[in-house]
$ cat model-v4.txt   # compact mmCIF, C-alpha atoms
# COMPACT_ATOMS: atom_id res chain seq x y z
CA MET A 357 123.52 77.90 112.40
CA THR A 358 126.28 75.65 111.20
CA GLY A 359 126.16 72.01 110.29
CA ASP A 360 128.62 69.34 111.38
CA GLY A 361 130.83 69.92 108.38
CA GLY A 362 130.99 73.68 108.56
CA GLY A 363 128.39 74.34 105.88
CA THR A 364 125.78 76.94 106.66
CA SER A 365 122.03 76.37 106.49
CA ARG A 366 120.46 78.29 103.67
CA ALA A 367 116.75 79.01 103.73
CA VAL A 368 116.91 80.37 100.22
CA GLU A 369 116.28 78.50 97.00
CA ALA A 370 118.86 80.53 95.09
CA THR A 371 120.31 79.28 91.86
CA GLY A 372 120.85 75.61 92.50
CA GLY A 373 119.18 72.47 91.31
CA THR A 374 118.24 69.73 93.74
CA PRO A 375 117.53 66.11 94.23
CA GLY A 376 114.04 66.02 93.15
CA GLY A 377 114.44 69.48 92.02
CA ASP A 378 116.72 72.49 92.09
CA GLY A 379 118.32 72.45 95.42
CA ALA A 380 116.50 70.15 97.75
CA ALA A 381 116.06 70.73 101.40
CA ARG A 382 117.91 73.69 102.68
CA GLY A 383 117.37 72.53 106.20
CA SER A 384 120.91 72.69 107.48
CA ALA A 385 124.17 72.39 105.71
CA GLY A 386 127.15 70.43 106.72
CA GLY A 387 127.46 66.72 107.33
CA THR A 388 130.72 64.88 107.68
CA GLY A 389 131.63 64.21 104.09
CA GLY A 390 132.06 60.51 104.88
CA ASP A 391 128.90 59.61 103.02
CA ALA A 392 130.28 61.10 99.85
CA ASP A 393 133.37 58.92 100.14
CA ARG A 394 131.26 55.83 100.77
CA GLN A 395 129.22 56.60 97.68
CA GLY A 396 132.34 56.86 95.54
CA SER A 397 131.71 60.51 94.78
CA ASP A 398 134.46 62.32 92.96
CA GLY A 399 133.48 65.53 94.78
CA ALA A 400 132.93 67.39 91.55
CA GLY A 401 129.94 69.70 91.76
CA ARG A 402 127.70 69.77 88.74
CA SER A 403 125.70 72.95 88.67
CA THR A 404 122.14 72.80 87.40
CA GLY A 405 121.29 76.48 87.65
CA ARG A 406 117.75 77.58 88.62
CA GLY A 407 116.10 75.60 85.87
CA GLY A 408 116.34 72.03 87.15
CA ALA A 409 117.13 69.58 84.37
CA ARG A 410 117.79 72.33 81.85
CA GLY A 411 120.31 73.82 84.28
CA VAL A 412 122.21 70.52 84.45
CA GLU A 413 122.72 70.73 80.73
CA GLU A 414 123.69 74.38 80.87
CA TYR A 415 126.23 74.09 83.67
CA GLY A 416 127.20 70.45 83.25
CA ASP A 417 130.32 68.83 81.92
CA GLU A 418 130.79 71.55 79.32
CA GLY A 419 131.37 74.08 82.10
CA GLY A 420 129.27 77.07 82.97
CA ASP A 421 129.28 80.63 84.12
CA PRO A 422 131.97 80.71 86.84
CA ILE A 423 130.22 83.51 88.76
CA ALA A 424 126.95 81.56 88.77
CA LEU A 425 128.79 78.48 90.04
CA ARG A 426 130.56 80.49 92.75
CA LEU A 427 127.29 82.11 93.82
CA GLU A 428 125.61 78.74 94.09
CA ALA A 429 128.46 77.31 96.18
CA LEU A 430 128.38 80.40 98.40
CA ILE A 431 124.65 80.17 99.05
CA LEU A 432 124.47 76.40 99.47
CA GLY A 433 127.61 76.31 101.58
CA ALA A 434 128.95 73.20 99.88
CA GLU A 435 129.86 71.71 96.52
CA ARG A 436 127.60 69.34 94.63
CA ARG A 437 128.58 65.74 95.07
CA TYR A 438 125.51 63.43 94.97
CA THR A 439 123.02 62.22 92.43
CA PRO A 440 119.47 62.02 93.84
CA PHE A 441 119.84 58.25 94.22
CA GLN A 442 123.14 58.61 96.08
CA ALA A 443 121.69 61.31 98.35
CA ALA A 444 118.67 59.15 99.23
CA ARG A 445 120.90 56.16 99.96
CA ALA A 446 123.30 58.26 102.07
CA ALA A 447 120.32 59.58 104.06
CA GLY A 448 118.97 56.08 104.58
CA VAL A 449 115.62 56.70 102.90
CA SER A 450 113.96 55.21 99.85
CA MET A 451 114.20 57.06 96.56
CA ASP A 452 110.40 57.21 96.49
CA LEU A 453 110.22 59.01 99.84
CA ALA A 454 113.10 61.31 98.95
CA SER A 455 111.35 62.29 95.71
CA ARG A 456 108.12 63.05 97.57
CA PHE A 457 109.99 65.25 100.05
CA TRP A 458 111.81 67.11 97.30
CA ARG A 459 108.72 67.69 95.20
CA ALA A 460 106.82 68.86 98.28
CA MET A 461 109.52 71.47 98.78
CA GLY A 462 108.90 72.67 95.23
CA PHE A 463 112.02 71.36 93.50
CA ALA A 464 111.89 70.12 89.91
CA ASP A 465 113.02 66.61 88.96
CA ILE A 466 116.60 66.54 87.63
CA GLY A 467 117.01 62.89 86.71
CA GLN A 468 120.31 61.51 88.02
CA ALA A 469 122.52 64.58 87.68
CA ARG A 470 125.19 64.99 90.37
CA ALA A 471 123.66 68.13 91.82
CA LEU A 472 123.21 67.62 95.57
CA THR A 473 125.21 68.53 98.64
CA GLU A 474 125.66 67.31 102.22
CA ALA A 475 122.91 69.75 103.22
CA ASP A 476 120.41 67.86 101.06
CA VAL A 477 121.40 64.56 102.65
CA LEU A 478 121.16 65.99 106.17
CA ALA A 479 117.75 67.52 105.51
CA LEU A 480 116.45 64.15 104.28
CA ARG A 481 117.84 62.46 107.38
CA ARG A 482 116.13 64.97 109.64
CA LEU A 483 112.72 64.65 108.02
CA ALA A 484 112.92 60.87 107.91
CA GLY A 485 114.20 60.83 111.51
CA LEU A 486 111.16 62.77 112.72
CA VAL A 487 108.94 60.16 111.09
CA GLU A 488 110.93 57.23 112.49
CA ALA A 489 110.82 58.73 116.00
CA GLY A 490 107.05 59.02 115.78
CA LEU A 491 107.11 62.82 116.17
CA LEU A 492 105.56 63.31 112.73
CA SER A 493 103.56 61.03 110.50
CA GLU A 494 104.82 60.70 106.94
CA PRO A 495 101.96 62.83 105.51
CA MET A 496 102.68 65.49 108.14
CA ALA A 497 106.40 65.51 107.31
CA ILE A 498 105.52 66.03 103.64
CA GLN A 499 103.18 68.84 104.65
CA VAL A 500 105.99 70.46 106.65
CA ALA A 501 108.23 70.23 103.59
CA ARG A 502 105.54 71.72 101.35
CA SER A 503 104.62 74.63 103.61
CA THR A 504 108.28 75.51 104.18
CA GLY A 505 109.08 75.24 100.49
CA GLN A 506 106.17 77.41 99.39
CA THR A 507 106.91 80.12 101.93
CA THR A 508 110.65 80.32 101.36
CA ALA A 509 110.29 80.11 97.56
CA ARG A 510 108.24 83.29 97.56
CA LEU A 511 110.67 84.96 99.95
CA ALA A 512 113.67 83.97 97.82
CA ASP A 513 112.02 85.24 94.62
CA TRP A 514 111.24 88.57 96.25
CA GLN A 515 114.77 88.98 97.60
CA ILE A 516 116.39 88.22 94.25
CA ASP A 517 113.94 90.06 91.99
CA SER A 518 113.45 93.19 94.08
CA PHE A 519 115.75 93.50 97.05
CA LEU A 520 118.99 92.37 95.42
CA GLU A 521 118.22 94.18 92.18
CA GLY A 522 117.78 97.46 94.02
CA LEU A 523 121.03 97.09 95.94
CA THR A 524 123.11 96.46 92.82
CA GLU A 525 121.84 99.63 91.16
CA PRO A 526 123.60 101.79 90.08
CA GLN A 527 126.39 99.53 88.93
CA GLU A 528 129.97 100.26 89.84
CA PRO A 529 132.07 101.59 86.93
CA GLY A 530 133.58 98.72 84.99
CA MET A 531 131.57 96.04 86.85
CA THR A 532 128.51 94.13 85.74
CA ARG A 533 125.53 93.59 88.01
CA THR A 534 126.47 89.92 88.31
CA GLU A 535 129.97 90.79 89.48
CA ILE A 536 128.57 93.10 92.16
CA THR A 537 126.15 90.42 93.32
CA TYR A 538 128.74 88.01 94.71
CA PRO A 539 130.33 90.25 97.37
CA LEU A 540 126.89 91.63 98.21
CA VAL A 541 125.43 88.17 98.81
CA GLU A 542 128.54 87.21 100.76
CA LEU A 543 127.94 90.12 103.18
CA LEU A 544 124.15 89.85 103.42
CA LEU A 545 123.67 86.09 103.59
CA PRO A 546 124.59 85.43 107.25
CA GLU A 547 122.69 88.50 108.45
CA LEU A 548 119.53 87.68 106.49
CA GLU A 549 119.73 84.06 107.66
CA GLU A 550 119.83 85.06 111.33
CA PHE A 551 117.02 87.56 110.80
CA LEU A 552 114.88 84.91 109.09
CA ILE A 553 115.32 82.57 112.05
CA TYR A 554 114.47 85.36 114.51
CA VAL A 555 111.24 86.29 112.71
CA TRP A 556 110.25 82.64 112.35
CA ARG A 557 110.72 81.99 116.06
CA ARG A 558 108.70 85.10 116.93
CA GLN A 559 105.87 84.07 114.61
CA LEU A 560 105.98 80.49 115.91
CA ALA A 561 105.74 81.70 119.51
CA ALA A 562 102.77 83.94 118.70
CA SER A 563 100.97 81.22 116.75
CA THR A 564 101.58 78.61 119.45
CA GLY A 565 100.25 80.97 122.09
CA ARG A 566 97.02 81.49 120.16
CA VAL A 567 96.49 77.78 119.62
CA VAL A 568 97.10 76.62 123.19
CA GLN A 569 94.53 79.11 124.44
CA ALA A 570 91.83 77.27 122.48
CA GLN A 571 89.05 76.01 124.74
CA ASP A 572 89.15 72.43 123.51
CA ASP A 573 91.04 70.15 121.15
CA ALA A 574 88.60 70.71 118.29
CA GLU A 575 89.20 74.46 118.39
CA MET A 576 92.92 73.93 117.87
CA VAL A 577 92.18 73.12 114.21
CA ASP A 578 88.61 74.24 113.56
CA ARG A 579 88.39 77.60 115.32
CA ARG A 580 85.88 80.43 115.50
CA LEU A 581 87.53 83.42 113.87
CA ALA A 582 86.69 86.67 112.15
CA VAL A 583 87.73 86.61 108.51
CA GLY A 584 88.01 89.62 106.22
CA PHE A 585 88.61 90.26 102.53
CA ALA A 586 89.64 93.68 101.23
CA ASP A 587 89.36 94.19 97.47
CA LEU A 588 90.45 97.03 95.18
CA VAL A 589 87.54 98.21 93.03
CA GLY A 590 88.03 98.32 89.25
CA PHE A 591 91.40 96.58 89.30
CA THR A 592 90.80 94.84 85.96
CA ARG A 593 90.28 98.22 84.27
CA LEU A 594 93.47 99.49 85.88
CA THR A 595 95.48 96.63 84.38
CA ARG A 596 94.47 97.87 80.91
CA ARG A 597 95.25 101.52 81.64
CA LEU A 598 98.45 101.46 83.69
CA GLU A 599 101.93 100.51 82.59
CA GLU A 600 103.28 97.29 84.11
CA GLU A 601 105.69 99.16 86.39
CA GLU A 602 102.94 101.50 87.63
CA LEU A 603 100.63 98.58 88.26
CA GLY A 604 103.34 96.75 90.18
CA GLU A 605 103.98 99.81 92.36
CA LEU A 606 100.26 100.18 93.09
CA VAL A 607 99.88 96.53 94.10
CA GLU A 608 103.00 96.69 96.27
CA ALA A 609 101.76 99.86 98.00
CA PHE A 610 98.36 98.26 98.64
CA GLU A 611 99.83 95.04 100.00
CA THR A 612 102.33 96.91 102.20
CA THR A 613 99.68 99.24 103.63
CA ALA A 614 97.28 96.38 104.27
CA ALA A 615 99.95 94.19 105.89
CA ASP A 616 101.06 97.01 108.19
CA LEU A 617 97.51 97.84 109.28
CA VAL A 618 96.54 94.23 109.87
CA ALA A 619 99.63 93.55 111.98
CA ALA A 620 99.48 96.83 113.92
CA HIS A 621 95.91 96.23 115.06
CA GLY A 622 96.29 92.60 116.10
CA GLY A 623 95.13 90.70 113.03
CA ARG A 624 96.96 88.16 110.88
CA LEU A 625 97.55 88.57 107.17
CA ILE A 626 96.71 85.23 105.57
CA LYS A 627 97.65 86.04 101.98
CA THR A 628 97.67 88.69 99.29
CA LEU A 629 96.25 88.16 95.81
CA GLY A 630 97.34 91.28 93.96
CA ASP A 631 94.17 93.33 94.20
CA GLU A 632 92.86 91.51 97.27
CA VAL A 633 94.06 90.67 100.79
CA LEU A 634 92.70 88.06 103.18
CA TYR A 635 93.15 88.49 106.92
CA SER A 636 91.81 87.01 110.14
CA ALA A 637 91.42 88.03 113.77
CA ASP A 638 90.49 86.26 116.97
CA ASP A 639 87.55 88.58 117.66
CA ALA A 640 85.06 90.57 115.60
CA GLY A 641 86.03 93.93 117.13
CA THR A 642 89.63 93.62 115.93
CA ALA A 643 88.56 92.58 112.43
CA ALA A 644 86.05 95.45 112.27
CA GLU A 645 88.67 98.00 113.30
CA ILE A 646 91.08 96.72 110.65
CA GLY A 647 88.41 96.78 107.93
CA LEU A 648 87.39 100.37 108.67
CA ARG A 649 90.97 101.56 108.95
CA LEU A 650 91.77 100.01 105.58
CA ILE A 651 88.91 101.98 104.03
CA GLU A 652 89.92 105.21 105.81
CA THR A 653 93.59 104.89 104.86
CA MET A 654 92.95 104.11 101.20
CA THR A 655 90.36 106.91 100.93
CA HIS A 656 93.02 109.46 101.91
CA ASP A 657 95.45 108.15 99.28
CA GLU A 658 94.68 109.74 95.92
CA THR A 659 96.77 107.17 94.08
CA MET A 660 94.59 104.29 95.27
CA PRO A 661 91.27 103.15 93.79
CA GLU A 662 88.23 102.61 96.01
CA LEU A 663 88.22 99.66 98.38
CA ARG A 664 85.49 97.35 99.63
CA VAL A 665 85.64 94.97 102.58
CA GLY A 666 83.61 91.89 103.56
CA LEU A 667 83.72 90.36 107.05
CA ALA A 668 82.27 87.13 108.45
CA PHE A 669 82.53 85.33 111.78
CA GLY A 670 82.34 81.60 112.40
CA THR A 671 84.13 78.28 112.34
CA VAL A 672 87.23 78.27 110.17
CA THR A 673 89.53 75.40 109.23
CA THR A 674 93.22 76.33 109.21
CA ARG A 675 95.74 74.45 107.11
CA MET A 676 99.33 75.39 106.24
CA GLY A 677 98.78 79.01 107.24
CA ASP A 678 95.64 79.33 105.10
CA VAL A 679 91.97 79.37 106.12
CA PHE A 680 89.05 77.47 104.58
CA GLY A 681 85.36 76.93 105.05
CA THR A 682 81.94 78.51 104.67
CA THR A 683 82.90 81.52 106.80
CA VAL A 684 85.75 82.35 104.41
CA ASN A 685 83.50 81.92 101.37
CA LEU A 686 80.87 84.17 102.92
CA ALA A 687 83.40 86.93 103.62
CA SER A 688 84.51 86.72 99.99
CA ARG A 689 80.92 86.95 98.69
CA LEU A 690 80.16 89.93 100.96
CA THR A 691 83.19 91.70 99.52
CA SER A 692 81.91 91.24 95.99
CA ILE A 693 78.55 92.89 96.81
CA ALA A 694 79.85 95.62 99.15
CA PRO A 695 79.45 99.25 98.03
CA LYS A 696 82.60 101.22 97.25
CA ASP A 697 84.54 102.35 100.34
CA ALA A 698 82.24 100.36 102.62
CA VAL A 699 82.38 97.34 104.93
CA LEU A 700 79.71 94.63 104.90
CA VAL A 701 79.44 91.98 107.64
CA ASP A 702 77.27 88.89 108.04
CA GLY A 703 74.68 88.30 110.77
CA ALA A 704 77.00 86.20 112.93
CA PHE A 705 79.60 88.97 112.83
CA ALA A 706 76.99 91.57 113.83
CA GLU A 707 75.86 89.36 116.72
CA GLU A 708 79.45 88.94 117.90
CA LEU A 709 79.99 92.71 117.93
CA ALA A 710 76.82 93.11 119.99
CA ARG A 711 77.81 90.33 122.38
CA SER A 712 81.21 91.89 123.00
CA GLY A 713 79.74 95.35 123.54
CA ASP A 714 81.43 96.87 120.49
CA ALA A 715 78.12 97.69 118.80
CA PRO A 716 74.53 98.03 120.07
CA LYS A 717 71.99 95.35 119.23
CA SER A 718 69.75 98.15 118.05
CA GLU A 719 69.64 101.93 117.97
CA VAL A 720 66.94 101.75 120.65
CA GLU A 721 69.44 100.06 122.96
CA ALA A 722 72.04 102.71 122.15
CA ALA A 723 69.62 105.52 122.97
CA ALA A 724 68.77 103.89 126.28
CA ALA A 725 72.35 104.06 127.60
CA ALA A 726 72.16 104.87 131.30
CA ASP A 727 74.49 107.87 131.49
CA GLY A 728 73.94 109.10 127.96
CA THR A 729 77.62 108.70 127.00
CA GLU A 730 78.68 106.90 123.86
CA LYS A 731 80.06 103.49 124.78
CA TYR A 732 79.97 101.72 121.41
CA ARG A 733 82.73 101.82 118.82
CA PHE A 734 80.71 100.68 115.83
CA ALA A 735 77.28 101.08 114.28
CA LEU A 736 75.41 98.43 112.28
CA GLN A 737 72.76 99.08 109.67
CA PRO A 738 70.78 96.13 108.27
CA MET A 739 70.73 95.89 104.46
CA TRP A 740 68.28 94.15 102.17
CA GLN A 741 68.41 90.37 102.22
CA ARG A 742 69.81 88.96 99.02
CA PRO A 743 70.78 85.59 97.55
CA VAL A 744 74.49 84.87 97.50
CA ARG A 745 75.84 82.31 95.06
CA GLY A 746 76.44 78.99 96.79
CA LEU A 747 75.35 80.24 100.22
CA GLY A 748 71.64 80.93 99.92
CA VAL A 749 69.99 84.10 101.20
CA VAL A 750 72.01 86.29 103.56
CA GLU A 751 71.27 89.53 105.38
CA PRO A 752 74.35 91.74 105.25
CA TRP A 753 74.94 94.60 107.67
CA LEU A 754 76.71 97.86 106.84
CA LEU A 755 79.46 98.51 109.39
CA THR A 756 80.46 102.09 110.25
CA ARG A 757 81.96 103.96 113.16
CA ARG A 758 79.68 105.50 115.75
CA ASN A 759 79.31 109.25 115.12
CA GLY A 760 81.91 108.95 112.37
CA GLY A 761 84.57 108.46 115.05

$ encode --input "model-v4.txt" --output "structure tokens"
Amino acid sequence: MTGDGGGTSRAVEATGGTPGGDGAARGSAGGTGGDADRQGSDGAGRSTGRGGARGVEEYGDEGGDPIALRLEALILGAERRYTPFQAARAAGVSMDLASRFWRAMGFADIGQARALTEADVLALRRLAGLVEAGLLSEPMAIQVARSTGQTTARLADWQIDSFLEGLTEPQEPGMTRTEITYPLVELLLPELEEFLIYVWRRQLAASTGRVVQAQDDAEMVDRRLAVGFADLVGFTRLTRRLEEEELGELVEAFETTAADLVAAHGGRLIKTLGDEVLYSADDAGTAAEIGLRLIETMTHDETMPELRVGLAFGTVTTRMGDVFGTTVNLASRLTSIAPKDAVLVDGAFAEELARSGDAPKSEVEAAAAADGTEKYRFALQPMWQRPVRGLGVVEPWLLTRRNGG
């Protein structure tokens, strides 16, 4: 994915500073270079490092780490040539709008350091162009910038802190880790970029397919979904007992296992919160299967603490890949009161399982099955009604498999 000037789009935050922060929009690199000439740029890149304004001082006129500067140029695909004001003017947008875009993407303010590239200018043009063409409103364009920035920032941090660190260990004799990093990034960057685009397109296609199947316009935003929380029991005590490295390994194993199970059985992982994961599914049966499999998988892993799961079904508001609303709050509250290694569901969830034929409305109905064969996947046992903070009195149901299947 190459820009008009040969620069390559970089969906990674890397080490650079940016317009309103450390490396503004990584939308697509390139550009013609003519804008820099019109702005009177001397073409000299001024590295800011990862720390925004502090980085400008560190890698400014006094010079800086040459490897860090080379890495930044490699990842960004171009040298620094614009101040934020020059970049905004070259893109044809106001400084105020440019600053809002940059901050939405998560980049720190850097004053008027010459820290931006043609890619930053082109990204501003693209966002502003979508607004001018009426394809996006200005608030929506800022939301696009924010959601993209938040997602890629986490990805970039993971790749640098974990992935890259692992690949540069052990170090080659006579070479520092930093010296090994440059050729490694040079080899990996184009491959990871193409893979990122592939996964994004796949996820976009799947998400679009789910949305367009909504029955009406209202359901495209406020949809009826099953929402589940899975929470490790006694995690606070573990943080006091385990070493930091051990705790990190446990959390990573939990998140990886949960993500794999959710995806494999047709759910969507919304987010992970260390000792807790939040997922959703289009139907109650899928969410129930995921919840029980999480319990079963963790129970057979001696290194994992007990798990508890809460599930609710109802209207959910989706924004920027997250979910909100009473249904989400109820699932969270059910998790907090669930017994160890058990799944609690709300009344609406139980009704949905009965409606879909995944669970009987009652044991009397199950016993009255015409041919005597077991046709239900799940069993539901009503629990005592209890008050739940902020939601009034609820009647949770204990979810299990039929005949322990």

$ residues_around --input "model-v4.txt" --residues "stretch 753-756 of chain A" --least-positions-apart "2" --cutoff "9 Å" --atoms "all atoms listed in the file" --output "MDAnalysis selection string"
chainID A and resid 644 648 694 698:703 705:706 733:740 751 758:761

$ closest_residue --input "model-v4.txt" --among "A:Arg437, A:Pro495, A:Gln506, A:Thr671" --to "A:Leu472" --atoms "only C-alpha atoms"
A:Arg437

$ atom_distance --input "model-v4.txt" --atom1 "atom CA of A:Ala704" --atom2 "atom CA of A:Ala586"
18.8 Å

$ closest_residue --input "model-v4.txt" --among "A:Lys627, A:Leu690, A:Leu453, A:Ala424" --to "A:Met676" --atoms "only C-alpha atoms"
A:Lys627

$ residues_around --input "model-v4.txt" --residues "A:Leu709" --least-positions-apart "5" --cutoff "6 Å" --atoms "only C-alpha atoms" --output "list in words"
Ala640, Asp714 and Ala715 of chain A

$ atom_distance --input "model-v4.txt" --atom1 "atom CA of A:Gly666" --atom2 "atom CA of A:Ala561"
29.1 Å

$ atom_distance --input "model-v4.txt" --atom1 "atom CA of A:Gln741" --atom2 "atom CA of A:Leu581"
23.4 Å

$ closest_residue --input "model-v4.txt" --among "A:Gly630, A:Gly748, A:Pro440, A:Gly490" --to "A:Asp476" --atoms "only C-alpha atoms"
A:Pro440

$ residues_around --input "model-v4.txt" --residues "A:Gly670" --least-positions-apart "6" --cutoff "7 Å" --atoms "only C-alpha atoms" --output "PyMOL selection string"
chain A and resi 580-582+683

$ write_last_selection --input "model-v4.txt" --atoms "C-alpha atoms" --output "compact mmCIF listing (two decimals), keeping the file's coordinate frame"
# COMPACT_ATOMS: atom_id res chain seq x y z
CA ARG A 580 85.88 80.43 115.50
CA LEU A 581 87.53 83.42 113.87
CA ALA A 582 86.69 86.67 112.15
CA THR A 683 82.90 81.52 106.80

$ closest_residue --input "model-v4.txt" --among "A:Ala497, A:Met654, A:Ala434, A:Ala614" --to "A:Ala475" --atoms "all atoms listed in the file"
A:Ala434

$ closest_residue --input "model-v4.txt" --among "A:Ala484, A:Val679, A:Val500, A:Leu478" --to "A:Ile626" --atoms "only C-alpha atoms"
A:Val679

$ closest_residue --input "model-v4.txt" --among "A:Gly584, A:Gly623, A:Gly485, A:Gly462" --to "A:Thr508" --atoms "all atoms listed in the file"
A:Gly462

$ residues_near_point --input "model-v4.txt" --point "(95.2, 86.9, 112.4)" --cutoff "9 Å" --atoms "only C-alpha atoms" --output "PyMOL selection string"
chain A and resi 581-583+618-619+622-626+635-638+643

$ residues_near_point --input "model-v4.txt" --point "(114.5, 65.2, 106.0)" --cutoff "9 Å" --atoms "all atoms listed in the file" --output "PyMOL selection string"
chain A and resi 381+383+447+454+457+476-486+497+501
